[in-house]
file structure_22.cif (mmCIF, C-alpha atoms)
data_run
loop_
_atom_site.label_atom_id
_atom_site.label_comp_id
_atom_site.auth_asym_id
_atom_site.auth_seq_id
_atom_site.Cartn_x
_atom_site.Cartn_y
_atom_site.Cartn_z
CA MET A 105 19.45 13.92 -3.16
CA ASN A 106 19.92 15.33 -6.66
CA GLY A 107 20.56 14.40 -10.27
CA VAL A 108 24.35 14.36 -9.88
CA ILE A 109 24.16 11.91 -7.00
CA MET A 110 21.66 9.78 -8.90
CA ALA A 111 23.99 9.66 -11.90
CA ASP A 112 26.66 8.17 -9.63
CA PHE A 113 24.13 5.73 -8.19
CA GLN A 114 23.27 4.45 -11.67
CA LYS A 115 26.81 3.12 -12.01
CA GLN A 116 26.33 0.75 -9.09
CA THR A 117 25.49 -2.89 -9.80
CA VAL A 118 24.14 -5.58 -7.53
CA GLN A 119 26.52 -8.48 -6.92
CA TRP A 120 25.95 -11.05 -4.19
CA PHE A 121 27.28 -14.61 -4.00
CA PRO A 122 27.63 -15.84 -0.41
CA GLY A 123 29.85 -18.87 0.11
CA HIS A 124 26.95 -21.10 1.16
CA MET A 125 25.45 -20.67 -2.29
CA ALA A 126 28.56 -22.05 -3.98
CA LYS A 127 28.20 -25.05 -1.68
CA THR A 128 24.54 -25.42 -2.61
CA ARG A 129 25.44 -25.64 -6.28
CA ARG A 130 27.63 -28.63 -5.44
CA ILE A 131 24.84 -30.14 -3.33
CA ILE A 132 22.44 -29.96 -6.27
CA LYS A 133 24.85 -31.76 -8.59
CA GLU A 134 25.66 -34.41 -5.99
CA SER A 135 21.98 -35.02 -5.11
CA LEU A 136 20.63 -35.37 -8.64
CA ASN A 137 21.05 -39.14 -8.61
CA LEU A 138 18.64 -39.26 -5.64
CA VAL A 139 15.73 -37.64 -7.48
CA ASP A 140 13.50 -38.31 -10.48
CA GLY A 141 12.83 -34.68 -11.34
CA VAL A 142 13.27 -31.05 -10.36
CA VAL A 143 10.78 -28.43 -9.20
CA GLU A 144 11.97 -24.87 -9.71
CA LEU A 145 10.24 -21.93 -8.06
CA VAL A 146 10.51 -18.58 -9.79
CA ASP A 147 8.94 -15.21 -9.08
CA ALA A 148 6.02 -14.82 -11.51
CA ARG A 149 6.84 -11.11 -11.84
CA ILE A 150 10.37 -11.86 -13.11
CA PRO A 151 10.53 -15.49 -14.33
CA TYR A 152 13.64 -14.89 -16.41
CA SER A 153 15.60 -12.94 -13.83
CA SER A 154 14.63 -15.24 -10.93
CA SER A 155 15.61 -18.44 -12.75
CA ASN A 156 19.19 -19.53 -12.27
CA PRO A 157 20.77 -19.64 -15.75
CA GLU A 158 23.02 -22.50 -14.61
CA LEU A 159 20.09 -24.73 -13.65
CA GLY A 160 19.51 -26.27 -17.06
CA GLU A 161 23.09 -27.49 -17.19
CA LEU A 162 23.06 -28.60 -13.55
CA ILE A 163 19.95 -30.77 -13.74
CA SER A 164 20.84 -32.27 -17.11
CA LYS A 165 17.91 -34.25 -18.59
CA LYS A 166 15.79 -34.54 -15.44
CA PRO A 167 12.09 -33.64 -15.91
CA ARG A 168 11.47 -30.06 -14.77
CA ILE A 169 8.39 -28.35 -13.37
CA VAL A 170 8.40 -24.57 -12.97
CA LEU A 171 6.15 -22.99 -10.36
CA LEU A 172 5.41 -19.34 -11.14
CA ASN A 173 4.98 -18.26 -7.54
CA LYS A 174 3.39 -15.01 -6.35
CA CYS A 175 1.09 -15.09 -9.37
CA ASP A 176 -1.45 -13.14 -7.32
CA ILE A 177 0.69 -10.01 -7.58
CA ALA A 178 1.92 -10.59 -11.14
CA ASP A 179 0.06 -9.48 -14.25
CA ALA A 180 -2.26 -12.36 -15.17
CA GLN A 181 -1.83 -11.99 -18.93
CA ALA A 182 1.95 -11.88 -18.61
CA THR A 183 1.88 -15.05 -16.50
CA LYS A 184 -0.18 -16.83 -19.16
CA LEU A 185 2.43 -15.89 -21.75
CA TRP A 186 5.11 -17.41 -19.52
CA VAL A 187 3.15 -20.66 -19.09
CA ASP A 188 2.85 -20.91 -22.89
CA TYR A 189 6.54 -20.13 -23.27
CA TYR A 190 7.62 -22.91 -20.93
CA LYS A 191 5.22 -25.35 -22.57
CA SER A 192 6.71 -24.56 -25.99
CA ASN A 193 10.11 -25.49 -24.53
CA GLY A 194 8.92 -28.82 -23.11
CA ILE A 195 8.74 -27.59 -19.52
CA TYR A 196 5.66 -27.91 -17.31
CA ALA A 197 4.69 -24.62 -15.63
CA LEU A 198 2.03 -23.73 -13.07
CA PRO A 199 0.96 -20.30 -11.77
CA VAL A 200 0.73 -20.58 -7.98
CA ASP A 201 0.62 -18.57 -4.79
CA CYS A 202 2.32 -20.66 -2.14
CA ARG A 203 1.20 -18.56 0.81
CA THR A 204 -2.50 -19.00 0.07
CA GLY A 205 -2.23 -22.33 -1.72
CA LYS A 206 -3.71 -21.01 -4.96
CA GLY A 207 -2.94 -23.32 -7.87
CA LEU A 208 -1.21 -25.98 -5.78
CA ASN A 209 -4.07 -28.43 -6.27
CA ASN A 210 -2.66 -28.89 -9.78
CA PHE A 211 0.82 -29.78 -8.56
CA LEU A 212 0.47 -33.52 -7.86
CA PRO A 213 -1.38 -34.25 -11.14
CA THR A 214 1.34 -32.30 -12.99
CA VAL A 215 4.08 -34.30 -11.27
CA LYS A 216 2.52 -37.57 -12.40
CA GLN A 217 2.19 -36.21 -15.91
CA ALA A 218 5.75 -34.90 -16.06
CA LEU A 219 7.20 -38.10 -14.57
CA GLN A 220 5.01 -40.55 -16.50
CA SER A 221 8.05 -42.22 -18.05
CA VAL A 222 9.57 -42.71 -14.60
CA ILE A 223 6.33 -44.24 -13.29
CA GLU A 224 6.16 -46.62 -16.27
CA ARG A 225 9.79 -47.62 -15.82
CA ASN A 226 9.18 -48.38 -12.14
CA GLU A 227 6.16 -50.50 -13.03
CA GLN A 228 8.17 -52.48 -15.57
CA LYS A 229 10.68 -53.24 -12.82
CA GLY A 230 7.90 -54.40 -10.49
CA MET A 231 8.20 -51.34 -8.26
CA ASN A 232 4.60 -50.16 -8.46
CA GLY A 233 3.95 -47.30 -6.09
CA LYS A 234 7.62 -46.42 -5.60
CA ALA A 235 7.82 -42.86 -4.28
CA LEU A 236 8.61 -40.18 -6.83
CA ARG A 237 11.38 -37.94 -5.55
CA LEU A 238 11.81 -34.35 -6.63
CA MET A 239 14.39 -31.75 -5.75
CA VAL A 240 13.00 -28.28 -4.98
CA VAL A 241 15.27 -25.46 -6.14
CA GLY A 242 15.05 -21.72 -6.48
CA ILE A 243 16.85 -18.52 -5.70
CA PRO A 244 16.23 -16.86 -2.29
CA ASN A 245 12.78 -15.48 -1.53
CA THR A 246 10.91 -17.29 -4.31
CA GLY A 247 8.79 -19.19 -1.76
CA LYS A 248 10.36 -22.66 -1.52
CA SER A 249 9.67 -23.04 2.19
CA SER A 250 6.11 -21.80 1.85
CA PHE A 251 5.56 -24.29 -0.98
CA ILE A 252 6.93 -27.23 0.99
CA ASN A 253 4.99 -26.28 4.11
CA ARG A 254 1.78 -26.09 2.09
CA MET A 255 2.35 -29.42 0.40
CA ALA A 256 3.63 -31.22 3.49
CA GLY A 257 0.90 -29.80 5.73
CA ASN A 258 3.29 -28.71 8.45
CA SER A 259 5.72 -25.92 9.27
CA LYS A 260 8.99 -27.84 9.60
CA ALA A 261 10.68 -25.80 6.89
CA LYS A 262 11.58 -22.31 8.00
CA VAL A 263 9.59 -19.57 6.31
CA ALA A 264 10.46 -15.88 6.31
CA ASP A 265 10.26 -12.78 4.13
CA LYS A 266 14.01 -12.38 4.27
CA ALA A 267 16.24 -13.81 1.57
CA GLY A 268 18.28 -16.96 2.17
CA VAL A 269 16.53 -18.58 5.15
CA THR A 270 16.70 -22.29 4.26
CA ARG A 271 20.19 -23.69 4.75
CA GLN A 272 20.14 -27.50 5.07
CA GLN A 273 18.73 -30.34 3.00
CA GLN A 274 15.49 -31.87 4.24
CA TRP A 275 13.10 -34.48 2.82
CA PHE A 276 9.32 -34.03 2.99
CA ALA A 277 6.57 -36.49 2.10
CA VAL A 278 3.74 -34.80 0.20
CA GLY A 279 0.64 -36.42 -1.22
CA LYS A 280 0.70 -40.16 -1.88
CA GLY A 281 4.04 -41.46 -3.06
CA ILE A 282 5.78 -38.14 -3.63
CA GLU A 283 8.77 -36.82 -1.70
CA LEU A 284 10.43 -33.42 -1.94
CA LEU A 285 14.08 -32.62 -1.26
CA ASP A 286 14.59 -29.06 -0.07
CA THR A 287 17.75 -27.13 -0.96
CA PRO A 288 19.05 -23.68 0.04
CA GLY A 289 18.41 -20.78 -2.32
CA VAL A 290 21.00 -20.32 -5.04
CA LEU A 291 22.14 -17.18 -6.79
CA TRP A 292 24.91 -17.23 -9.39
CA PRO A 293 28.43 -15.76 -9.23
CA LYS A 294 27.55 -12.43 -10.80
CA PHE A 295 24.77 -10.70 -12.65
CA ASP A 296 26.17 -9.96 -16.10
CA ASP A 297 23.05 -7.93 -16.91
CA PRO A 298 22.60 -5.03 -14.42
CA GLU A 299 18.85 -5.11 -15.08
CA VAL A 300 18.69 -8.66 -13.74
CA GLY A 301 20.38 -7.56 -10.54
CA ASP A 302 17.95 -4.66 -10.21
CA LYS A 303 14.89 -6.86 -10.68
CA LEU A 304 16.12 -9.36 -8.10
CA ALA A 305 16.67 -6.50 -5.66
CA PHE A 306 13.26 -4.95 -6.46
CA THR A 307 11.51 -8.18 -5.50
CA GLY A 308 13.64 -8.89 -2.42
CA ALA A 309 15.69 -11.83 -3.73
CA VAL A 310 18.81 -9.86 -2.83
CA LYS A 311 19.02 -8.66 0.75
CA ASP A 312 18.39 -4.95 1.22
CA GLU A 313 21.45 -4.86 3.44
CA VAL A 314 23.73 -5.26 0.41
CA THR A 315 22.03 -2.56 -1.66
CA ASP A 316 21.45 1.16 -1.28
CA ILE A 317 17.70 1.27 -0.63
CA GLU A 318 17.33 4.85 -1.85
CA THR A 319 19.13 4.08 -5.10
CA LEU A 320 17.08 0.92 -5.50
CA SER A 321 13.79 2.73 -5.00
CA CYS A 322 14.73 5.38 -7.57
CA ARG A 323 15.55 2.69 -10.13
CA LEU A 324 12.28 0.95 -9.37
CA LEU A 325 10.35 4.18 -9.87
CA GLU A 326 12.00 4.78 -13.21
CA VAL A 327 11.08 1.28 -14.36
CA LEU A 328 7.49 1.65 -13.17
CA SER A 329 7.15 5.14 -14.63
CA THR A 330 7.79 3.60 -18.04
CA LEU A 331 6.00 0.30 -17.56
CA ARG A 332 2.99 1.27 -15.43
CA PRO A 333 2.99 4.99 -14.51
CA GLN A 334 -0.64 4.87 -13.33
CA ALA A 335 0.37 2.42 -10.62
CA ILE A 336 2.47 5.19 -9.07
CA THR A 337 0.07 8.09 -9.59
CA GLU A 338 -2.95 6.15 -8.33
CA ARG A 339 -1.26 4.64 -5.29
CA TYR A 340 0.38 7.87 -4.14
CA LYS A 341 -2.24 10.29 -5.45
CA LEU A 342 0.12 12.20 -7.74
CA ASN A 343 -1.11 14.33 -10.60
CA SER A 344 1.61 13.46 -13.12
CA ILE A 345 5.11 11.98 -13.21
CA ASP A 346 5.77 12.56 -16.91
CA GLY A 347 9.41 13.32 -17.58
CA LEU A 348 10.46 13.03 -13.93
CA GLN A 349 13.54 11.13 -12.77
CA GLY A 350 13.29 8.48 -10.11
CA TRP A 351 14.59 10.66 -7.29
CA GLU A 352 12.10 13.40 -8.21
CA ILE A 353 9.21 10.94 -8.02
CA LEU A 354 10.53 9.61 -4.71
CA GLU A 355 10.57 13.17 -3.39
CA LEU A 356 6.96 13.73 -4.43
CA ILE A 357 5.91 10.51 -2.72
CA GLY A 358 7.78 11.46 0.45
CA LYS A 359 6.01 14.82 0.54
CA LYS A 360 2.64 13.25 -0.12
CA ARG A 361 3.10 10.75 2.68
CA GLY A 362 4.46 13.38 5.05
CA PHE A 363 7.76 11.59 5.54
CA LEU A 364 9.72 14.59 6.76
CA ILE A 365 12.63 15.11 9.09
CA LYS A 366 13.78 18.15 11.04
CA GLY A 367 13.85 21.25 8.87
CA GLY A 368 11.14 19.94 6.55
CA GLU A 369 13.52 17.81 4.49
CA ILE A 370 12.24 14.61 2.90
CA ASN A 371 13.12 11.41 4.74
CA TYR A 372 14.32 9.61 1.62
CA GLU A 373 15.28 6.40 3.39
CA ARG A 374 11.89 5.98 5.04
CA THR A 375 10.15 6.75 1.76
CA ALA A 376 12.36 4.27 -0.11
CA VAL A 377 11.72 1.47 2.38
CA MET A 378 7.98 2.09 2.23
CA LEU A 379 7.97 2.09 -1.58
CA CYS A 380 9.90 -1.19 -1.87
CA ASP A 381 7.73 -2.86 0.77
CA GLU A 382 4.54 -1.78 -0.98
CA PHE A 383 5.75 -2.94 -4.38
CA ARG A 384 6.81 -6.32 -3.01
CA GLY A 385 3.49 -6.68 -1.24
CA GLY A 386 1.51 -6.01 -4.41
CA MET A 387 0.03 -2.77 -3.10
CA LEU A 388 0.84 -1.00 -6.38
CA GLY A 389 -1.21 -3.56 -8.27
CA ARG A 390 -0.46 -6.73 -10.23
CA ILE A 391 2.75 -5.91 -12.08
CA SER A 392 5.12 -8.10 -14.08
CA LEU A 393 8.50 -6.65 -14.95
CA GLU A 394 9.37 -8.91 -17.89
CA LEU A 395 7.81 -10.95 -20.69
CA PRO A 396 9.16 -14.00 -22.55
CA LEU A 397 11.25 -13.18 -25.60
#
call {"tool": "encode", "arguments": {"input": "structure_22.cif", "output": "structure tokens"}}
result
Amino acid sequence: MNGVIMADFQKQTVQWFPGHMAKTRRIIKESLNLVDGVVELVDARIPYSSSNPELGELISKKPRIVLLNKCDIADAQATKLWVDYYKSNGIYALPVDCRTGKGLNNFLPTVKQALQSVIERNEQKGMNGKALRLMVVGIPNTGKSSFINRMAGNSKAKVADKAGVTRQQQWFAVGKGIELLDTPGVLWPKFDDPEVGDKLAFTGAVKDEVTDIETLSCRLLEVLSTLRPQAITERYKLNSIDGLQGWEILELIGKKRGFLIKGGEINYERTAVMLCDEFRGGMLGRISLELPL
């Protein structure tokens, strides 16, 4: 790997829009009349990039609650800024970690607050206690299944680390008088901003199979070397990465970890996979890749 190759790699962009996701977009529009509100899960590290830009138009005027999932591996101060940002735009937002359940105790009270007008309307019609129905949406790998399993107290929804697991609609009763409608993960036709595609790939929302993992890891290292260089030097015990390109940092990490192949060459693929896994698992620290504008 060298600078010339990396220059070619930088021209690549991530584009991924499986047919089932186009179908899901139609499902969301067709199912809106069945629900009182929408719950959107986003990755707390990249709330902007992991939120479908078409969602606002799709859900129209339905009340919306945003769950900033994986808050345990996002920068806490950045997450607070995002909560304030959503609030200023009339959207309820909660930092949560769906795998451990952190923050989810605030979900049901927030639903009742966000849907107060719906509750009052039901009471006026003599339908006290009518179940509140919410559609759960989010791009792949934002934790929808983990959220539903936590709230429903069972494991009927499939959960996996791989993107795009949930495929069919399912209803789940959670709490008293609240029902959730699950939907498959939705990405949009193309990523107009290459940085958005990169961030989705960094966090695993886009399958590794449709990206070049070595290229991806080099891009990630270049982002981190600007945003949080100490996260790299401390985790991989490097003296300095000042002025280094992504592939050069990847090479240093490979040497440090002893990821070598025959002839003493660096095993770039193994190093890249390890780096991406450790970033996604929060082993480089609590890092957020974007802030509200």
call {"tool": "closest_residue", "arguments": {"input": "structure_22.cif", "among": "A:Asn245, A:Leu238, A:Leu393, A:Asp188", "to": "Lys311 in chain A", "atoms": "only C-alpha atoms"}}
result
A:Asn245
call {"tool": "closest_residue", "arguments": {"input": "structure_22.cif", "among": "A:Leu162, A:Ile131, A:Ala180, A:Leu364", "to": "Arg390 in chain A", "atoms": "only C-alpha atoms"}}
result
A:Ala180
call {"tool": "atom_distance", "arguments": {"input": "structure_22.cif", "atom1": "CA of Val300 in chain A", "atom2": "CA of Pro157 in chain A"}}
result
11.4 Å
call {"tool": "atom_distance", "arguments": {"input": "structure_22.cif", "atom1": "CA of Arg149 in chain A", "atom2": "CA of Trp186 in chain A"}}
result
10.1 Å
call {"tool": "residues_around", "arguments": {"input": "structure_22.cif", "residues": "Glu283 in chain A", "least_positions_apart": "3", "cutoff": "7 Å", "atoms": "all atoms listed in the file", "output": "CSV table (one decimal) with C-alpha atoms, in the frame of the given file"}}
result
chain,number,residue,atom,x,y,z
A,235,ALA,CA,7.8,-42.9,-4.3
A,236,LEU,CA,8.6,-40.2,-6.8
A,237,ARG,CA,11.4,-37.9,-5.6
A,238,LEU,CA,11.8,-34.4,-6.6
A,275,TRP,CA,13.1,-34.5,2.8
A,276,PHE,CA,9.3,-34.0,3.0
A,277,ALA,CA,6.6,-36.5,2.1
A,278,VAL,CA,3.7,-34.8,0.2
call {"tool": "atom_distance", "arguments": {"input": "structure_22.cif", "atom1": "CA of Glu313 in chain A", "atom2": "CA of Pro288 in chain A"}}
result
19.3 Å
call {"tool": "residues_around", "arguments": {"input": "structure_22.cif", "residues": "Val146 in chain A", "least_positions_apart": "4", "cutoff": "12 Å", "atoms": "only C-alpha atoms", "output": "count of residues only"}}
result
39
call {"tool": "residues_around", "arguments": {"input": "structure_22.cif", "residues": "Gly141 in chain A", "least_positions_apart": "4", "cutoff": "10 Å", "atoms": "all atoms listed in the file", "output": "ChimeraX atom specification"}}
result
/A:136-137,163,165-169,215,218-219,222,236-240,284
call {"tool": "resolve_selection", "arguments": {"input": "structure_22.cif", "expression": "the PyMOL selection byres ((chain A and resi 370) around 10)", "output": "MDAnalysis selection string"}}
result
chainID A and resid 105 354:359 361:369 371:375
call {"tool": "closest_residue", "arguments": {"input": "structure_22.cif", "among": "A:Pro333, A:Gly350, A:Pro298, A:Pro396", "to": "Asn193 in chain A", "atoms": "all atoms listed in the file"}}
result
A:Pro396
call {"tool": "closest_residue", "arguments": {"input": "structure_22.cif", "among": "A:Met231, A:Met255, A:Leu185, A:Val377", "to": "Asn209 in chain A", "atoms": "all atoms listed in the file"}}
result
A:Met255
call {"tool": "closest_residue", "arguments": {"input": "structure_22.cif", "among": "A:Ser164, A:Thr319, A:Lys303, A:Asn232", "to": "Asp147 in chain A", "atoms": "only C-alpha atoms"}}
result
A:Lys303
call {"tool": "residues_around", "arguments": {"input": "structure_22.cif", "residues": "Arg332 in chain A", "least_positions_apart": "6", "cutoff": "10 Å", "atoms": "all atoms listed in the file", "output": "PyMOL selection string"}}
result
chain A and resi 325-326+388-389+391-393
call {"tool": "residues_around", "arguments": {"input": "structure_22.cif", "residues": "range 328-330 of chain A", "least_positions_apart": "4", "cutoff": "12 Å", "atoms": "only C-alpha atoms", "output": "ChimeraX atom specification"}}
result
/A:303,306,321-324,334-338,344-354,379-380,383,388-394
call {"tool": "closest_residue", "arguments": {"input": "structure_22.cif", "among": "A:Ile223, A:Ala256, A:Val327, A:Ala148", "to": "Leu285 in chain A", "atoms": "only C-alpha atoms"}}
result
A:Ala256
call {"tool": "build_atoms", "arguments": {"input": "structure_22.cif", "residues": "range 316-327 of chain A", "atoms": "N, CA, C and O atoms", "output": "compact mmCIF listing (two decimals), keeping the file's coordinate frame"}}
result
# COMPACT_ATOMS: atom_id res chain seq x y z
N ASP A 316 21.81 -0.16 -1.77
CA ASP A 316 21.45 1.16 -1.28
C ASP A 316 19.96 1.32 -1.53
O ASP A 316 19.53 1.43 -2.68
N ILE A 317 19.15 1.30 -0.48
CA ILE A 317 17.70 1.27 -0.63
C ILE A 317 17.16 2.49 -1.35
O ILE A 317 16.17 2.41 -2.09
N GLU A 318 17.80 3.65 -1.16
CA GLU A 318 17.33 4.85 -1.85
C GLU A 318 17.61 4.75 -3.35
O GLU A 318 16.75 5.09 -4.18
N THR A 319 18.80 4.27 -3.69
CA THR A 319 19.13 4.08 -5.10
C THR A 319 18.18 3.07 -5.73
O THR A 319 17.66 3.28 -6.82
N LEU A 320 17.95 1.98 -5.00
CA LEU A 320 17.08 0.92 -5.50
C LEU A 320 15.67 1.44 -5.76
O LEU A 320 15.07 1.14 -6.80
N SER A 321 15.15 2.22 -4.84
CA SER A 321 13.79 2.73 -5.00
C SER A 321 13.69 3.68 -6.19
O SER A 321 12.68 3.71 -6.91
N CYS A 322 14.74 4.46 -6.42
CA CYS A 322 14.73 5.38 -7.57
C CYS A 322 14.76 4.61 -8.89
O CYS A 322 14.07 4.96 -9.86
N ARG A 323 15.53 3.53 -8.92
CA ARG A 323 15.55 2.69 -10.13
C ARG A 323 14.19 2.05 -10.35
O ARG A 323 13.70 1.98 -11.48
N LEU A 324 13.59 1.57 -9.27
CA LEU A 324 12.28 0.95 -9.37
C LEU A 324 11.25 1.94 -9.91
O LEU A 324 10.45 1.61 -10.79
N LEU A 325 11.29 3.15 -9.41
CA LEU A 325 10.35 4.18 -9.87
C LEU A 325 10.54 4.50 -11.34
O LEU A 325 9.57 4.73 -12.06
N GLU A 326 11.76 4.50 -11.80
CA GLU A 326 12.00 4.78 -13.21
C GLU A 326 11.49 3.65 -14.10
O GLU A 326 10.97 3.89 -15.19
N VAL A 327 11.62 2.42 -13.61
CA VAL A 327 11.08 1.28 -14.36
C VAL A 327 9.56 1.35 -14.41
O VAL A 327 8.93 1.22 -15.47
